[in-house]
Structures are given as C-alpha cells and as structure tokens.
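Trainee: Got a structure for you, work_37.txt, holding compact mmCIF, C-alpha atoms and all ligand atoms.
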```
# COMPACT_ATOMS: atom_id res chain seq x y z
CA MET A 1 103.62 31.81 60.34
CA ARG A 2 102.40 28.21 60.43
CA LEU A 3 99.53 27.49 58.06
CA PHE A 4 97.07 24.63 57.70
CA VAL A 5 95.41 24.78 54.28
CA THR A 6 92.40 22.50 53.83
CA LYS A 7 91.84 20.33 50.78
CA PRO A 8 90.12 20.53 48.37
CA GLN A 9 90.68 24.15 47.36
CA GLY A 10 89.54 25.79 44.15
CA TYR A 11 86.41 25.56 42.07
CA CYS A 12 84.00 22.64 42.32
CA PHE A 13 83.09 20.99 39.03
CA GLY A 14 79.79 22.90 38.78
CA VAL A 15 81.56 26.25 39.01
CA THR A 16 84.31 25.14 36.62
CA ARG A 17 81.71 24.03 34.11
CA ALA A 18 79.76 27.30 34.38
CA ILE A 19 82.85 29.46 33.83
CA ASP A 20 84.06 27.26 30.95
CA LEU A 21 80.62 27.46 29.34
CA ALA A 22 80.53 31.27 29.58
CA LEU A 23 84.01 31.62 28.09
CA LYS A 24 83.15 29.15 25.32
CA VAL A 25 80.08 31.21 24.39
CA ARG A 26 82.39 34.22 24.13
CA SER A 27 84.88 32.38 21.90
CA ASP A 28 82.11 30.84 19.74
CA PHE A 29 80.34 34.20 19.31
CA PRO A 30 83.14 36.78 19.43
CA ASN A 31 80.95 39.72 18.39
CA ALA A 32 77.79 38.87 20.31
CA LYS A 33 76.33 40.69 23.26
CA ILE A 34 76.40 38.17 26.13
CA THR A 35 74.65 38.58 29.48
CA VAL A 36 74.44 36.27 32.48
CA VAL A 37 70.96 36.34 34.04
CA GLY A 38 71.92 36.58 37.74
CA MET A 39 75.40 35.88 39.12
CA LEU A 40 76.97 32.98 37.23
CA VAL A 41 78.49 31.82 40.53
CA HIS A 42 78.57 33.72 43.81
CA ASN A 43 81.96 35.37 43.59
CA ASP A 44 82.66 38.97 42.51
CA GLU A 45 86.09 38.06 41.13
CA VAL A 46 84.43 35.62 38.73
CA THR A 47 82.00 38.38 37.70
CA LYS A 48 85.03 40.60 37.00
CA LEU A 49 86.64 37.84 34.93
CA LEU A 50 83.46 37.65 32.85
CA GLU A 51 83.38 41.46 32.48
CA TYR A 52 86.97 41.32 31.27
CA ASN A 53 85.68 38.99 28.53
CA GLN A 54 82.82 41.39 27.70
CA ILE A 55 80.24 39.17 29.38
CA SER A 56 77.92 41.32 31.47
CA THR A 57 75.94 40.20 34.50
CA LYS A 58 72.34 41.23 35.13
CA LYS A 59 71.93 41.11 38.90
CA GLY A 60 68.69 41.30 40.83
CA LEU A 61 65.87 39.40 42.42
CA LYS A 62 63.62 37.07 40.45
CA HIS A 63 61.02 39.69 39.43
CA LYS A 64 63.73 42.04 38.16
CA LEU A 65 65.32 39.28 36.09
CA ILE A 66 61.91 38.31 34.69
CA ASP A 67 61.41 41.94 33.59
CA PHE A 68 64.84 41.85 32.02
CA LEU A 69 64.00 38.69 30.05
CA ARG A 70 60.73 40.21 28.86
CA ASN A 71 62.54 43.22 27.43
CA VAL A 72 66.02 42.06 26.44
CA ASP A 73 67.11 42.34 22.80
CA PRO A 74 66.50 38.79 21.46
CA SER A 75 69.84 38.77 19.65
CA THR A 76 71.62 38.77 23.05
CA HIS A 77 73.17 35.47 24.10
CA LEU A 78 71.86 34.76 27.61
CA ILE A 79 73.51 32.49 30.15
CA PHE A 80 71.49 30.94 32.97
CA THR A 81 73.52 30.51 36.15
CA ALA A 82 75.01 27.49 37.94
CA HIS A 83 72.35 27.77 40.67
CA GLY A 84 69.42 26.88 38.43
CA HIS A 85 66.63 29.28 37.48
CA PRO A 86 62.87 29.65 37.91
CA VAL A 87 60.59 27.90 35.41
CA GLU A 88 59.28 31.34 34.36
CA PHE A 89 62.68 32.03 32.78
CA ASN A 90 62.29 29.04 30.44
CA LYS A 91 58.73 30.06 29.60
CA ILE A 92 59.70 33.60 28.60
CA ALA A 93 62.77 32.36 26.74
CA HIS A 94 60.57 29.97 24.78
CA GLU A 95 57.88 32.58 24.04
CA ARG A 96 60.43 35.17 22.90
CA ASN A 97 62.72 32.69 21.15
CA LEU A 98 65.68 33.90 23.21
CA ILE A 99 69.18 32.44 22.82
CA ILE A 100 69.92 30.52 26.03
CA HIS A 101 73.05 28.77 27.29
CA ASP A 102 72.28 26.91 30.49
CA ALA A 103 75.06 26.61 33.11
CA THR A 104 72.89 24.91 35.75
CA CYS A 105 75.09 22.58 37.81
CA LYS A 106 74.30 18.91 37.25
CA MET A 107 73.83 18.38 40.99
CA VAL A 108 71.22 21.13 41.12
CA GLN A 109 69.50 19.78 38.01
CA LEU A 110 69.41 16.31 39.56
CA SER A 111 67.61 17.61 42.65
CA LEU A 112 65.14 19.60 40.51
CA ASP A 113 64.41 16.44 38.51
CA LYS A 114 63.76 14.46 41.71
CA ILE A 115 61.30 17.13 42.87
CA LYS A 116 59.43 16.96 39.56
CA GLU A 117 59.25 13.14 39.69
CA ASN A 118 57.73 13.23 43.17
CA LEU A 119 55.22 15.92 42.27
CA LEU A 120 54.20 13.90 39.23
CA SER A 121 53.55 10.87 41.42
CA GLY A 122 51.22 13.00 43.55
CA HIS A 123 53.45 13.79 46.53
CA GLN A 124 53.97 17.02 48.39
CA VAL A 125 57.55 18.24 48.71
CA ILE A 126 59.22 19.85 51.71
CA TYR A 127 62.23 21.85 50.55
CA ILE A 128 64.89 22.83 53.08
CA GLY A 129 66.85 25.90 52.02
CA LYS A 130 67.54 29.58 52.38
CA LYS A 131 64.74 31.87 51.25
CA GLY A 132 65.75 34.02 48.29
CA HIS A 133 68.75 31.93 47.21
CA PRO A 134 68.53 31.37 43.43
CA GLU A 135 68.68 27.57 43.77
CA VAL A 136 65.76 27.73 46.20
CA GLU A 137 63.83 30.10 43.91
CA ALA A 138 64.37 27.62 41.07
CA ALA A 139 63.00 24.73 43.11
CA LEU A 140 59.99 26.61 44.52
CA SER A 141 58.99 27.88 41.08
CA ILE A 142 58.16 24.35 39.93
CA SER A 143 54.89 24.03 41.86
CA ASN A 144 52.76 25.43 44.67
CA ASN A 145 52.94 21.98 46.22
CA ILE A 146 56.54 22.59 47.38
CA PHE A 147 56.84 23.98 50.90
CA LEU A 148 59.94 25.85 52.01
CA TYR A 149 61.42 24.98 55.38
CA THR A 150 63.89 27.78 56.00
CA ASN A 151 66.19 29.21 58.64
CA ASN A 152 64.81 30.22 62.03
CA LYS A 153 61.21 29.98 60.95
CA ASP A 154 58.66 27.63 62.32
CA PHE A 155 57.38 25.36 59.62
CA ASP A 156 53.62 25.09 59.22
CA PHE A 157 53.20 21.31 59.26
CA SER A 158 49.41 21.68 58.91
CA LYS A 159 49.95 22.32 55.18
CA ILE A 160 51.41 18.85 54.72
CA THR A 161 48.51 16.47 54.13
CA ASP A 162 50.68 13.80 52.47
CA GLU A 163 51.71 10.98 54.87
CA SER A 164 54.90 10.37 52.90
CA PRO A 165 56.02 13.75 51.54
CA TYR A 166 59.36 13.99 49.77
CA VAL A 167 61.96 15.97 51.72
CA ILE A 168 64.86 17.46 49.81
CA ASN A 169 67.25 20.37 50.31
CA GLN A 170 69.45 23.05 48.81
CA THR A 171 72.78 21.50 47.77
CA THR A 172 74.96 23.85 49.82
CA LEU A 173 73.48 23.51 53.32
CA SER A 174 75.56 22.53 56.33
CA ILE A 175 75.92 18.85 57.17
CA PHE A 176 75.14 19.79 60.79
CA GLU A 177 72.01 21.87 60.28
CA ILE A 178 70.42 19.40 57.88
CA GLN A 179 70.32 16.76 60.61
CA SER A 180 68.26 18.92 62.93
CA TYR A 181 65.78 19.70 60.13
CA HIS A 182 65.45 15.99 59.38
CA GLN A 183 64.91 15.12 63.04
CA ARG A 184 62.17 17.74 63.39
CA ILE A 185 60.43 16.50 60.26
CA MET A 186 60.62 12.82 61.29
CA GLN A 187 59.13 13.66 64.69
CA ARG A 188 56.10 15.22 62.98
CA ILE A 189 55.84 13.03 59.86
CA PRO A 190 57.34 9.57 60.49
CA GLY A 191 56.53 8.48 56.92
CA ALA A 192 58.46 11.35 55.31
CA ARG A 193 60.88 10.21 52.60
CA ILE A 194 64.06 12.15 53.24
CA VAL A 195 67.00 12.53 50.89
CA ASP A 196 70.16 14.45 51.69
CA GLU A 197 71.10 16.47 48.61
CA ILE A 198 74.15 18.28 50.01
CA CYS A 199 76.55 17.95 47.10
CA ASN A 200 79.88 16.21 47.42
CA ALA A 201 81.88 19.38 46.79
CA THR A 202 80.11 21.10 49.70
CA ARG A 203 80.39 18.08 51.98
CA LEU A 204 84.13 17.58 51.36
CA ARG A 205 84.89 21.22 52.11
CA GLN A 206 82.84 21.13 55.31
CA GLU A 207 84.52 17.93 56.49
CA ALA A 208 87.92 19.48 55.74
CA VAL A 209 87.09 22.48 57.95
CA MET A 210 86.12 20.13 60.77
CA LYS A 211 89.60 18.55 60.48
CA ILE A 212 91.50 21.83 60.91
CA PRO A 213 93.63 21.25 64.05
CA GLY A 214 92.05 22.60 67.21
CA GLU A 215 95.27 24.47 68.07
CA VAL A 216 94.95 27.02 65.25
CA ASP A 217 94.58 30.55 66.60
CA LEU A 218 92.72 31.89 63.60
CA ILE A 219 90.76 30.45 60.67
CA TYR A 220 90.26 32.33 57.40
CA ILE A 221 87.35 31.23 55.23
CA VAL A 222 87.75 32.78 51.78
CA GLY A 223 84.70 33.40 49.62
CA GLY A 224 82.19 35.81 48.13
CA ASP A 225 79.57 37.63 50.20
CA GLN A 226 76.68 35.84 48.52
CA SER A 227 78.24 32.37 48.55
CA SER A 228 76.05 29.96 50.51
CA ASN A 229 78.68 27.24 50.80
CA THR A 230 81.22 29.79 52.12
CA ALA A 231 78.69 30.90 54.76
CA LYS A 232 78.25 27.29 55.85
CA LEU A 233 82.03 26.81 56.15
CA VAL A 234 82.10 29.81 58.49
CA GLU A 235 79.26 28.34 60.58
CA ILE A 236 81.01 24.97 60.82
CA ALA A 237 84.39 26.52 61.65
CA LYS A 238 82.79 28.47 64.52
CA LEU A 239 80.95 25.41 65.75
CA THR A 240 83.89 23.02 65.65
CA HIS A 241 86.64 25.48 66.68
CA PRO A 242 85.19 27.48 69.58
CA ASP A 243 88.68 28.52 70.78
CA SER A 244 89.82 29.89 67.40
CA ILE A 245 88.94 33.23 65.83
CA VAL A 246 87.04 32.69 62.57
CA LYS A 247 87.13 35.39 59.87
CA ARG A 248 85.39 35.43 56.52
CA ILE A 249 87.40 37.28 53.87
CA LYS A 250 87.06 37.80 50.13
CA THR A 251 90.66 38.61 49.19
CA VAL A 252 94.06 39.22 50.77
CA ALA A 253 93.10 42.90 51.07
CA ASP A 254 90.56 41.96 53.77
CA ILE A 255 93.25 40.67 56.14
CA ASP A 256 93.61 42.97 59.14
CA VAL A 257 97.25 42.73 60.24
CA ASN A 258 96.17 43.59 63.79
CA ASP A 259 94.53 40.15 63.88
CA LEU A 260 97.92 38.53 63.20
CA LYS A 261 99.90 40.07 66.06
CA ALA A 262 99.34 37.34 68.64
CA VAL A 263 98.82 34.54 66.14
CA THR A 264 101.25 31.73 65.22
CA TYR A 265 99.05 29.11 63.55
CA ILE A 266 96.33 29.79 60.96
CA GLY A 267 93.84 27.53 59.18
CA ILE A 268 92.66 28.45 55.67
CA SER A 269 89.65 27.18 53.76
CA SER A 270 87.58 28.50 50.88
CA GLY A 271 84.20 28.17 49.22
CA ALA A 272 83.57 26.19 46.04
CA SER A 273 83.34 29.35 43.90
CA THR A 274 86.49 31.04 45.24
CA PRO A 275 89.13 31.55 42.53
CA PRO A 276 92.23 29.52 43.51
CA HIS A 277 94.59 32.45 42.89
CA LEU A 278 92.87 34.42 45.70
CA VAL A 279 93.75 31.67 48.18
CA ASP A 280 97.31 31.47 46.80
CA GLU A 281 97.73 35.23 47.35
CA ILE A 282 96.54 34.87 50.95
CA ILE A 283 98.92 31.96 51.60
CA HIS A 284 101.80 33.90 50.05
CA PHE A 285 101.03 36.96 52.20
CA LEU A 286 100.75 34.97 55.44
CA GLU A 287 103.89 32.92 54.76
CA GLY A 288 105.82 36.15 54.49
CA PHE A 289 104.33 37.73 57.60
S1 LIG B 301 78.70 23.66 45.16
FE1 LIG B 301 77.81 21.70 44.51
S2 LIG B 301 75.81 22.24 43.64
FE2 LIG B 301 76.98 24.15 43.77
S3 LIG B 301 77.95 24.34 41.76
FE3 LIG B 301 79.41 23.25 43.08
S4 LIG B 301 79.02 21.05 42.70
FE4 LIG B 301 77.25 22.21 41.95
```
Would you put the structure from the file into structure tokens?

Mentor:
Amino acid sequence: MRLFVTKPQGYCFGVTRAIDLALKVRSDFPNAKITVVGMLVHNDEVTKLLEYNQISTKKGLKHKLIDFLRNVDPSTHLIFTAHGHPVEFNKIAHERNLIIHDATCKMVQLSLDKIKENLLSGHQVIYIGKKGHPEVEAALSISNNIFLYTNNKDFDFSKITDESPYVINQTTLSIFEIQSYHQRIMQRIPGARIVDEICNATRLRQEAVMKIPGEVDLIYIVGGDQSSNTAKLVEIAKLTHPDSIVKRIKTVADIDVNDLKAVTYIGISSGASTPPHLVDEIIHFLEGF
C-alpha cells in the first residue's frame, strides 16, 4: 500500500504543554486527588493516559462543571483545560480558595486577552466559533458585549451598534470558512477590525491536508470525536479532494478493511491532539496490508 503521511503529525505545543502540566502536578503531588475540569484536550486516549496516572476528568457542559466547582473538596488539585475556561470558574475558585493549575494554551489566552482589551476600550466584539465549544464558552463568558457568529446561523447584525467592532475567532476554525465569515461581516460593517486567530498548529495541518496528492484513493483523518481541529481537517480534505474517500477515525481499530479492497494509495493526517503512537499504529497496519 502506498501512503502519503502529512507533516506535521503529533501534538501541537498547546496540547504538549497541557499534558506535561498534568503529569507534573501528579509527580509534584503524588498522593493528591487530581481532577481535570472538562477534557484536558479533545482526545479519549489522552484522557485514558491521565486516568492511568490517577488523574480523573470531570466531563460536562459549563453549568455542570460550575456545580462541580461549587461542591468539590477544596483539597483536590484542579486542572483547567487547554481550551480556556469561563470566567465563572475563576470566580468560584477564588471564592472557595481552590487549588488550580491552568493548562490554557497560550494561543487561546492571547485571543482572550485581545477580546478584553477591545472591550475595555469600549468596542463590541464579534466572535466567530462553534457554539458550545469550551474555547467559545470561555470567550463568551467575558462579557455580554461579545456576539457569537456561529455555523449555519444568520447573524443578527442589528445588535452591532459599533462602527468598528473587533472581529476575532476560535483558534481551530478552517482557513476556508473563516474567509466567508469575514467577507459577510465586511459587506455589512466596512469599518470592522478583523483579526484571524487561527493558530499556526491548526493552519499548518490544514495546509498539509490541501497538499495531499489528488491521486490518493482514500484519506484517513485521525482524531478524537470532540476535536474541532480534526473536524476541520475532514472538511478541508472533502473540499480539496472531491474524488477521494475521506474517513475520520480515532484508532487503527476503526479501519474497515472493506474500504481497502480497491485502494492503492492512501493519505493520512491527524488532529493536533492525536497521540502520535495512534498514527504510527495506523501506518504500520496499512504498510502491512
Ligand atoms: S490547536 Fe492551537 S490553540 Fe489549540 S492547543 Fe494547539 S496550539 Fe493551542
């Protein structure tokens, strides 16, 4: 089987930092109860790695995690995830004197800081992102003067009274879809100040998928179900390779050998939170097929 494996593969620096931080908390506090508030990164294999190190994960939507923080034993070491977290989390942590280790990715923190700066200087903010994603929840929690522009929903421009609102986005959007959002906003608000906050790790992986040769019969995109950047790689692969079959898989166990019968050339890419050994196992399996 011929394979084309995109580069880069493996964790982005934000995911690497989050995992390293969690494991360091474990080694610094060997007997402590440690819980991640939400998924540290969006990959179940990483969650299993944490469990193996006796680091539990409290999953759930924002209100459930807020309840958890209100009731958790204050001696528990809590880790906030790479995606950022709502301001309410900090408030409760401060009020209850909770022990917090913050794994927020620097790229996410940078975009949250830019939002705060613009709100402070009196501007409205249009935030482009996927409703319910933790990074988006973190951004929207800052102020009621941030307006979410999300998938497949008409945006209510009448709420924007600022002639030069700040326009910013979730770091893991697709480099294609962001352009259409920006065009629509500029048509309605020519004075809008637009920044593109797609992070470099996301951008490089998307560009690499675009460069997969057009002759591949099949493209595997490897990543967790909840991973936004994996979802965008799938979208881009489908858009740029209309003649190839595109499959999203989590591990080698998801490969359906029936898909391989008439296939001679396969492209492989993976999300920024996909453990590298999962991709290696897939490559090894396909090379031997
Ligand atoms: S994908 Fe980008 S924003 Fe998300 S953790 Fe990685 S570097 Fe940070």

Trainee: Using only C-alpha atoms and all ligand atoms, which protein or nucleic acid residues are at most 9 Å from ligand LIG 301 (chain B), as a tab-separated table (two decimals) with C-alpha atoms, in the frame of the given file?

Mentor:
```
chain	number	residue	atom	x	y	z
A	11	TYR	CA	86.41	25.56	42.07
A	12	CYS	CA	84.00	22.64	42.32
A	13	PHE	CA	83.09	20.99	39.03
A	14	GLY	CA	79.79	22.90	38.78
A	15	VAL	CA	81.56	26.25	39.01
A	16	THR	CA	84.31	25.14	36.62
A	17	ARG	CA	81.71	24.03	34.11
A	18	ALA	CA	79.76	27.30	34.38
A	41	VAL	CA	78.49	31.82	40.53
A	82	ALA	CA	75.01	27.49	37.94
A	83	HIS	CA	72.35	27.77	40.67
A	104	THR	CA	72.89	24.91	35.75
A	105	CYS	CA	75.09	22.58	37.81
A	106	LYS	CA	74.30	18.91	37.25
A	107	MET	CA	73.83	18.38	40.99
A	108	VAL	CA	71.22	21.13	41.12
A	109	GLN	CA	69.50	19.78	38.01
A	135	GLU	CA	68.68	27.57	43.77
A	170	GLN	CA	69.45	23.05	48.81
A	171	THR	CA	72.78	21.50	47.77
A	172	THR	CA	74.96	23.85	49.82
A	197	GLU	CA	71.10	16.47	48.61
A	198	ILE	CA	74.15	18.28	50.01
A	199	CYS	CA	76.55	17.95	47.10
A	200	ASN	CA	79.88	16.21	47.42
A	201	ALA	CA	81.88	19.38	46.79
A	202	THR	CA	80.11	21.10	49.70
A	203	ARG	CA	80.39	18.08	51.98
A	228	SER	CA	76.05	29.96	50.51
A	229	ASN	CA	78.68	27.24	50.80
A	271	GLY	CA	84.20	28.17	49.22
A	272	ALA	CA	83.57	26.19	46.04
A	273	SER	CA	83.34	29.35	43.90
```

Trainee: Distance atom CA of Asp254 of chain A-atom CA of Ile212 of chain A, one decimal place?

Mentor: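 Computing it gives 21.4 Å between the two atoms.
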
Trainee: Grab the atom CA of Met186 of chain A to atom CA of Val136 of chain A distance for me, in Å with one decimal place.

Mentor: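 Rounded to one decimal, the two atoms are 21.8 Å apart.
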
Trainee: Go ahead and compute the interatomic distance for atom CA of Asp243 of chain A and atom CA of Gly267 of chain A, in Å to one decimal.

Mentor: 12.7 Å

Trainee: Write out as number ranges by chain each polymer residue whose atoms come within 12 Å of Val209 of chain A, counting only C-alpha atoms; drop sequence neighbours fewer than 5 positions from it.

Mentor: A: 4-9, 174-175, 202-204, 214, 216, 219-221, 230, 232-241, 246, 267-271

Trainee: Check the smallest atom-to-atom distance from each of A:Phe285, A:Phe155, A:Tyr127, A:Phe176 to Ser143 of chain A using all atoms listed in the file, then report the winner.

Mentor: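 Ranked by minimum distance to Ser143 of chain A, first place goes to A:Tyr127.
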
Trainee: Using all atoms listed in the file, pick whichever of A:Pro74, A:Gly122, A:Pro86, A:Gly60 has the shortest atom-to-atom distance to Leu140 of chain A.

Mentor: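 Checking each candidate against Leu140 of chain A, we get A:Pro86 as the closest.
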
Trainee: What's the 9 Å shell around His42 of chain A, counting only C-alpha atoms, without same-chain residues fewer than 4 positions away, as a list in words?

Mentor: Val46, Thr47, Gly223, Gly224, Asp225, Gln226, Ser227, Ser228, Ser273 and Thr274 of chain A

Trainee: Please determine, counting only C-alpha atoms, which residue among A:Arg70, A:Lys114, A:Arg248, A:His182 has the shortest atom-to-atom distance to Ile194 of chain A.

Mentor: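 Comparing A:Arg70, A:Lys114, A:Arg248, A:His182 against Ile194 of chain A, the winner is A:His182.
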
Trainee: So which one's closest to Gly84 of chain A, A:Lys159, A:Lys24, A:His277, A:Lys62? Using all atoms listed in the file, please.

Mentor: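 Nearest candidate to Gly84 of chain A out of A:Lys159, A:Lys24, A:His277, A:Lys62: A:Lys62.
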
Trainee: Residues at most 7 Å from Gly38 of chain A, counting all atoms listed in the file, excluding those fewer than 3 positions away in the same chain, as JSON, numbers by chain?

Mentor: {"A": [57, 58, 59, 60, 81]}

Trainee: Those residues with C-alpha atoms, as a CSV table (one decimal), in the frame of the given file please?

Mentor:
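result-v8.csv, written as the output of this step:
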```
chain,number,residue,atom,x,y,z
A,57,THR,CA,75.9,40.2,34.5
A,58,LYS,CA,72.3,41.2,35.1
A,59,LYS,CA,71.9,41.1,38.9
A,60,GLY,CA,68.7,41.3,40.8
A,81,THR,CA,73.5,30.5,36.2
```

Trainee: Which polymer residues have any atom within 12 Å of an atom of Asn144 of chain A, counting all atoms listed in the file, with same-chain residues fewer than 4 positions away left out, as a list in words?

Mentor: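 Within the cut-off, the hits are Lys116, Leu119, His123, Gln124, Val125, Ile126, Tyr127, Ala139, Leu140, Leu148 and Lys159 of chain A.
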
Trainee: Just the residues within 10 Å of Leu69 of chain A, please, counting all atoms listed in the file, with nothing from its chain fewer than 3 positions along; format it as a PyMOL selection string.

Mentor: chain A and resi 37+63-66+72-74+78+88-90+92-93+96+98

Trainee: Which residue, A:Pro275, A:Asn118, A:Val195, A:Tyr265, has the smallest gap to Leu49 of chain A when you use all atoms listed in the file?

Mentor: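 So, comparing all the options, the nearest one is A:Pro275.
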
Trainee: Could you check the closest approach to His85 of chain A for each of A:Glu51, A:Thr35, A:Tyr166, A:Glu137 and tell me which residue wins, using only C-alpha atoms?

Mentor: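 Using only C-alpha atoms, His85 of chain A sits closest to A:Glu137.
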
Trainee: Kindly reconstruct segment 125-135 of chain A with all heavy atoms and present the result as a compact mmCIF listing (two decimals), keeping the file's coordinate frame.

Mentor:
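Output (selection34.txt):
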```
# COMPACT_ATOMS: atom_id res chain seq x y z
N VAL A 125 56.09 18.16 48.53
CA VAL A 125 57.55 18.24 48.71
C VAL A 125 57.86 19.29 49.78
O VAL A 125 57.33 20.40 49.76
CB VAL A 125 58.24 18.64 47.38
CG1 VAL A 125 59.73 18.89 47.59
CG2 VAL A 125 58.04 17.55 46.32
N ILE A 126 58.68 18.89 50.74
CA ILE A 126 59.22 19.85 51.71
C ILE A 126 60.64 20.16 51.26
O ILE A 126 61.46 19.24 51.09
CB ILE A 126 59.22 19.28 53.14
CG1 ILE A 126 57.79 18.96 53.58
CG2 ILE A 126 59.89 20.27 54.11
CD1 ILE A 126 57.70 18.27 54.95
N TYR A 127 60.91 21.45 51.05
CA TYR A 127 62.23 21.85 50.55
C TYR A 127 62.96 22.64 51.63
O TYR A 127 62.47 23.68 52.08
CB TYR A 127 62.07 22.70 49.28
CG TYR A 127 63.38 22.97 48.59
CD1 TYR A 127 63.84 22.12 47.58
CD2 TYR A 127 64.18 24.04 48.96
CE1 TYR A 127 65.06 22.35 46.95
CE2 TYR A 127 65.40 24.27 48.34
CZ TYR A 127 65.83 23.42 47.34
OH TYR A 127 67.04 23.64 46.72
N ILE A 128 64.11 22.15 52.04
CA ILE A 128 64.89 22.83 53.08
C ILE A 128 65.94 23.71 52.40
O ILE A 128 66.75 23.21 51.61
CB ILE A 128 65.60 21.81 54.00
CG1 ILE A 128 64.59 20.82 54.57
CG2 ILE A 128 66.36 22.52 55.11
CD1 ILE A 128 65.23 19.59 55.21
N GLY A 129 65.89 25.01 52.68
CA GLY A 129 66.85 25.90 52.02
C GLY A 129 66.70 27.32 52.50
O GLY A 129 65.85 27.62 53.34
N LYS A 130 67.53 28.19 51.95
CA LYS A 130 67.54 29.58 52.38
C LYS A 130 66.65 30.40 51.45
O LYS A 130 66.88 30.44 50.23
CB LYS A 130 68.97 30.12 52.35
CG LYS A 130 69.07 31.51 52.91
CD LYS A 130 70.50 32.00 52.89
CE LYS A 130 70.54 33.44 53.34
NZ LYS A 130 71.75 34.12 52.94
N LYS A 131 65.67 31.06 52.04
CA LYS A 131 64.74 31.87 51.25
C LYS A 131 65.50 32.90 50.41
O LYS A 131 66.41 33.57 50.92
CB LYS A 131 63.78 32.59 52.20
CG LYS A 131 62.62 33.21 51.50
CD LYS A 131 61.61 33.74 52.49
CE LYS A 131 60.45 34.31 51.71
NZ LYS A 131 59.52 35.02 52.51
N GLY A 132 65.14 33.00 49.15
CA GLY A 132 65.75 34.02 48.29
C GLY A 132 66.98 33.54 47.54
O GLY A 132 67.41 34.19 46.58
N HIS A 133 67.59 32.42 47.96
CA HIS A 133 68.75 31.93 47.21
C HIS A 133 68.26 31.45 45.84
O HIS A 133 67.20 30.82 45.74
CB HIS A 133 69.42 30.78 47.98
CG HIS A 133 70.72 30.35 47.35
ND1 HIS A 133 70.77 29.51 46.26
CD2 HIS A 133 72.00 30.66 47.65
CE1 HIS A 133 72.04 29.31 45.93
NE2 HIS A 133 72.81 30.00 46.76
N PRO A 134 69.02 31.73 44.76
CA PRO A 134 68.53 31.37 43.43
C PRO A 134 68.20 29.88 43.26
O PRO A 134 67.25 29.53 42.54
CB PRO A 134 69.68 31.76 42.49
CG PRO A 134 70.62 32.58 43.29
CD PRO A 134 70.29 32.46 44.74
N GLU A 135 68.98 29.01 43.89
CA GLU A 135 68.68 27.57 43.77
C GLU A 135 67.31 27.27 44.40
O GLU A 135 66.53 26.46 43.88
CB GLU A 135 69.78 26.75 44.46
CG GLU A 135 69.55 25.25 44.32
CD GLU A 135 70.60 24.42 45.05
OE1 GLU A 135 71.67 24.95 45.40
OE2 GLU A 135 70.33 23.23 45.28
```
